[in-house]
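Data block below; observations after.
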Amino acid sequence: MQVAGYEDPSEITPRINVDRESRVPLATQVARQFTWLIATGTIRAGSHLPTIVDVARHVGVNFHTVRAAYQQLRDDGLVLTKRGSGTVVLGYDRDRAMARGGHHPTFTIGVLVPSFSDYYADYLESIIEAATVEGWLPVICHTRHYDSVVVARYLDQLFSRNVDGVIVTHFETPGDLSTLDVFKSAEALRPFVFVDCADVGIGSTITVDREGDGSVATNHFIEHGHERIGYLAPPETWSATKRLGSGYHRALSEAGIATDARLVEHAAEFSLGAGAKAAHRLLQHPEPPTAIFCAGDILALGAISAIDSLGLRTPGDVAVMGYGEIPFSALAAPALASIRLPADVLAHEAARVLRQAIDDGCTQPTTAVATSLVPRASCGCDPTGQVSGRQTGDTSPAQERKRS
């Protein structure tokens with residue numbers, strides 16, 4: 001994502017102001033504002049800062065105050081001044097700026113999420129609650145599914161404010177080496193906690209047993225009598241694909257059910273539309289599944305839509321289970337069964353582990369968080385969790401019409 005920036009020094013000067021009542025020295029106030037504008041990309045590398053005289057005149061401070069501010073910027077590796085050429089912006093040097101910033105607590109943490117989807121509503125609310133207990137201000141950053149440019153810019157912004165630590169949530173694409181390199185370059189500067197992420201080998205980690213979850217979901221369908229069980233997987237580049245898929249295949253193998261590659265479809269993205277399209281492909285096979293385990297609730301809701309569009313019923317013709325339990329899963333029609341990722345527990349564990357890492361300065365061991373199966377109508381269960389209606393994967397009249 002390209003950030004619009006200033007290249008004309010005359011456009012930058014009006015952005016700088018000082019608070020004469022603050023205890024922070026005026027030169028430091030000026031330097032911090034320029035640092036923020038450089039870290040955000042608002043002042044681009046290669047552009048020139050306004051002259052010291054122009055800034056001093058605009059702010060109403062002594063010439064030497066602004067000169068001291070520019071010296072701080074030079075010491076932080078952000079600018080270079082050459083006689084006769086003015087002051088040129090080099091870009092944000094995270095390592096040097098953090099080294100000069102010291103390690104005094106700012107009671108501010110960064111929280112990175114891939115998107116602002118419904119799934120993260122409960123999680124972010126719990127993060128805010130946990131941060132409040134710690135006295136932290138959480139700065140929540142939407143990374144556009146961990147685009148490396150966006151991640152680097154956010155980390156520069158966070159570190160320019162000298163955050164105490166960073167929580168990374170659901171970074172699922174370890175094959176994205178550019179983003180992984182951004183994390184590796186920043187991890188030594190402040191504590192990082194990775195929550196339900198791919199195994200990146202850095203920072204502290206909060207995990208769930210996704211392979212076990214895939215097995216639990218599949219076994220639940222097997223207990224209902226299903227043998228043709230489909231798996232609607234996330235995009236192939238996501239680490240959850242392999243872990244949930246391993247559990248799915250393990251459960252089938254342990255039950256003596258032959259696997260069928262035609263019963264696995266990958267969604268292009270996490271959306272209702274993508275879930276519906278992938279489910280539609282599954283249901284077009286000559287021998288379609290009688291149950292579908294979906295790697296996300298939003299995919300499962302899309303699958304239910306596809307089932308309905310084909311004149312079939314959920315769960316009478318095709319049972320469905322999701323993963324993650326987004327807030328309105330229980331309100332779907334039929335109510336969506338799911339593997340619940342406890343957003344509140346994940347958030348509070350993340351805050352606890354980050355607190356320890358900040359205090360001890362050490363990476364914490366991996367912390368596992370338990371998930372739970374939430375049976376509902378879409379998988380064929382009544383409100384008590386017992387099988388309701390047609391128990392097995394027997395062929396229904398609607399399916400007979402579909403297959404004929």
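Scheme for the structure tokens: letters A, B, ... for chains in order shown; per-chain residue numbers from 1; ligand numbers from 1 in order shown.
Backbone DSSP of range 53-138 of chain A yields strand (DSSP E) at Val79, Leu80, Thr81, Lys82, Gly86, Thr87, Val88, Val89, Thr108, Ile109, Gly110, Val111, Leu112, Val113, Leu137 and Pro138 of chain A.
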Generate the output file for the selected residues, N, CA and C atoms, as a JSON list (two decimals), in the first residue's frame.
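As written to disk, selection.json reads:
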[["chain", "number", "residue", "atom", "x", "y", "z"],
["A", 79, "VAL", "N", 18.22, 11.38, 8.91],
["A", 79, "VAL", "CA", 18.51, 12.41, 7.92],
["A", 79, "VAL", "C", 20.02, 12.58, 7.78],
["A", 80, "LEU", "N", 20.38, 13.23, 6.72],
["A", 80, "LEU", "CA", 21.78, 13.56, 6.47],
["A", 80, "LEU", "C", 21.85, 15.00, 6.00],
["A", 81, "THR", "N", 22.70, 15.79, 6.64],
["A", 81, "THR", "CA", 22.83, 17.20, 6.26],
["A", 81, "THR", "C", 24.18, 17.42, 5.59],
["A", 82, "LYS", "N", 24.12, 18.02, 4.39],
["A", 82, "LYS", "CA", 25.34, 18.37, 3.68],
["A", 82, "LYS", "C", 25.34, 19.86, 3.40],
["A", 86, "GLY", "N", 21.26, 21.08, 2.03],
["A", 86, "GLY", "CA", 20.14, 20.97, 2.94],
["A", 86, "GLY", "C", 20.13, 19.63, 3.67],
["A", 87, "THR", "N", 19.01, 19.34, 4.31],
["A", 87, "THR", "CA", 18.86, 18.12, 5.11],
["A", 87, "THR", "C", 18.00, 17.13, 4.34],
["A", 88, "VAL", "N", 18.59, 15.99, 3.97],
["A", 88, "VAL", "CA", 17.93, 14.97, 3.16],
["A", 88, "VAL", "C", 17.44, 13.83, 4.05],
["A", 89, "VAL", "N", 16.21, 13.37, 3.80],
["A", 89, "VAL", "CA", 15.63, 12.26, 4.57],
["A", 89, "VAL", "C", 16.18, 10.94, 4.05],
["A", 108, "THR", "N", 2.57, 1.21, 26.03],
["A", 108, "THR", "CA", 1.90, 1.12, 24.75],
["A", 108, "THR", "C", 2.34, -0.17, 24.07],
["A", 109, "ILE", "N", 1.39, -0.93, 23.50],
["A", 109, "ILE", "CA", 1.74, -2.15, 22.78],
["A", 109, "ILE", "C", 1.08, -2.12, 21.40],
["A", 110, "GLY", "N", 1.70, -2.82, 20.46],
["A", 110, "GLY", "CA", 1.11, -2.97, 19.14],
["A", 110, "GLY", "C", 0.37, -4.30, 19.04],
["A", 111, "VAL", "N", -0.77, -4.30, 18.35],
["A", 111, "VAL", "CA", -1.54, -5.52, 18.12],
["A", 111, "VAL", "C", -1.80, -5.62, 16.62],
["A", 112, "LEU", "N", -1.22, -6.62, 15.97],
["A", 112, "LEU", "CA", -1.36, -6.80, 14.53],
["A", 112, "LEU", "C", -2.39, -7.88, 14.23],
["A", 113, "VAL", "N", -3.36, -7.57, 13.38],
["A", 113, "VAL", "CA", -4.35, -8.55, 12.93],
["A", 113, "VAL", "C", -4.39, -8.53, 11.41],
["A", 137, "LEU", "N", -1.86, 0.88, 26.56],
["A", 137, "LEU", "CA", -2.68, 1.39, 25.46],
["A", 137, "LEU", "C", -2.40, 0.51, 24.26],
["A", 138, "PRO", "N", -3.38, -0.30, 23.79],
["A", 138, "PRO", "CA", -3.13, -1.13, 22.61],
["A", 138, "PRO", "C", -3.37, -0.34, 21.32]]
Exercise: Asp199 in chain A partners within 12 Å, only C-alpha atoms, chain neighbours under 2 positions left out, as a ChimeraX atom specification:
/A:170-175,180,193-197,201-208,238-240,243,366
Between CA of Asp297 in chain A and CA of Tyr323 in chain A, distance in Å (one decimal)
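These atoms are spaced 5.2 Å apart.
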Measuring atom to atom with only C-alpha atoms, identify which of A:Ala39, A:Val30, A:Val55, A:Val182 is nearest to Val149 in chain A.
A:Val182
Contacts of Gly60 in chain A within 12 Å, only C-alpha atoms, excl. fewer than 6 positions in-chain, as a PyMOL selection string:
chain A and resi 13+16-20+26+30+52-54+66
Output N, CA and C atoms for every residue in that selection, as a compact mmCIF listing (two decimals), in the first residue's frame.
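Saved result, part.txt, follows:
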# COMPACT_ATOMS: atom_id res chain seq x y z
N THR A 13 6.33 22.05 6.84
CA THR A 13 6.46 23.00 7.95
C THR A 13 5.17 23.21 8.74
N ILE A 16 4.32 20.95 11.90
CA ILE A 16 5.14 20.94 13.11
C ILE A 16 4.65 22.01 14.08
N ASN A 17 4.42 21.60 15.31
CA ASN A 17 4.01 22.53 16.37
C ASN A 17 4.60 22.07 17.70
N VAL A 18 4.60 22.95 18.69
CA VAL A 18 5.12 22.58 20.01
C VAL A 18 4.14 23.00 21.10
N ASP A 19 4.25 22.35 22.23
CA ASP A 19 3.45 22.68 23.42
C ASP A 19 4.41 23.27 24.46
N ARG A 20 4.30 24.57 24.67
CA ARG A 20 5.23 25.24 25.58
C ARG A 20 4.97 24.89 27.05
N LEU A 26 11.57 21.43 23.99
CA LEU A 26 11.04 21.84 22.69
C LEU A 26 11.76 21.14 21.54
N VAL A 30 9.99 18.71 18.60
CA VAL A 30 10.14 18.88 17.15
C VAL A 30 10.72 17.61 16.52
N ILE A 52 16.07 25.06 8.77
CA ILE A 52 15.97 25.31 10.21
C ILE A 52 15.31 26.67 10.45
N VAL A 53 15.65 27.64 9.63
CA VAL A 53 15.09 28.98 9.79
C VAL A 53 13.58 28.96 9.59
N ASP A 54 13.11 28.25 8.56
CA ASP A 54 11.67 28.20 8.28
C ASP A 54 10.91 27.54 9.42
N VAL A 66 15.69 24.31 16.94
CA VAL A 66 15.43 23.47 15.78
C VAL A 66 16.71 22.77 15.33
Closest to Pro25 in chain A among A:Leu37, A:Ala68, A:Leu90, A:Val369, using only C-alpha atoms?
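Nearest candidate to Pro25 in chain A out of A:Leu37, A:Ala68, A:Leu90, A:Val369: A:Ala68.
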Given the choices A:Glu325, A:Ile140, A:Leu272, A:Ala255, which gets closest to Ala306 in chain A if the distance is worked out from only C-alpha atoms?
A:Leu272
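Between CA of Leu263 in chain A and CA of Leu282 in chain A the separation is 6.2 Å.
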Calculate how many Å separate CA of Leu299 in chain A from CA of Ala251 in chain A, rounding to one decimal.
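Taking CA of Leu299 in chain A and CA of Ala251 in chain A, their separation equals 21.2 Å.
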Distance criterion (only C-alpha atoms): nearest to Leu331 in chain A out of A:Ala377, A:Ile222, A:Ala268, A:Ala186:
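The answer is A:Ala377, which sits nearest to Leu331 in chain A.
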Residue neighbourhood range 347-354 of chain A, 9 Å, only C-alpha atoms, exclusion window fewer than 6 positions, as a list in words:
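That gives Tyr123, Leu124, Glu125, Ser126, Ile127, Ile128, Glu129, Ala130, Ala131, Glu134, Gly165, Val166, Ile167, Pro191, Phe192, Val193, Phe194, Val195, Ser204, Thr205, Ile206, Thr363, Gln364, Thr367 and Val369 of chain A.
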Between A:Ala69, A:Leu301, A:Ala368, A:Ile43, single out the one closest to Leu346 in chain A, counting only C-alpha atoms.
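Closest to Leu346 in chain A of all the choices is A:Ala368.
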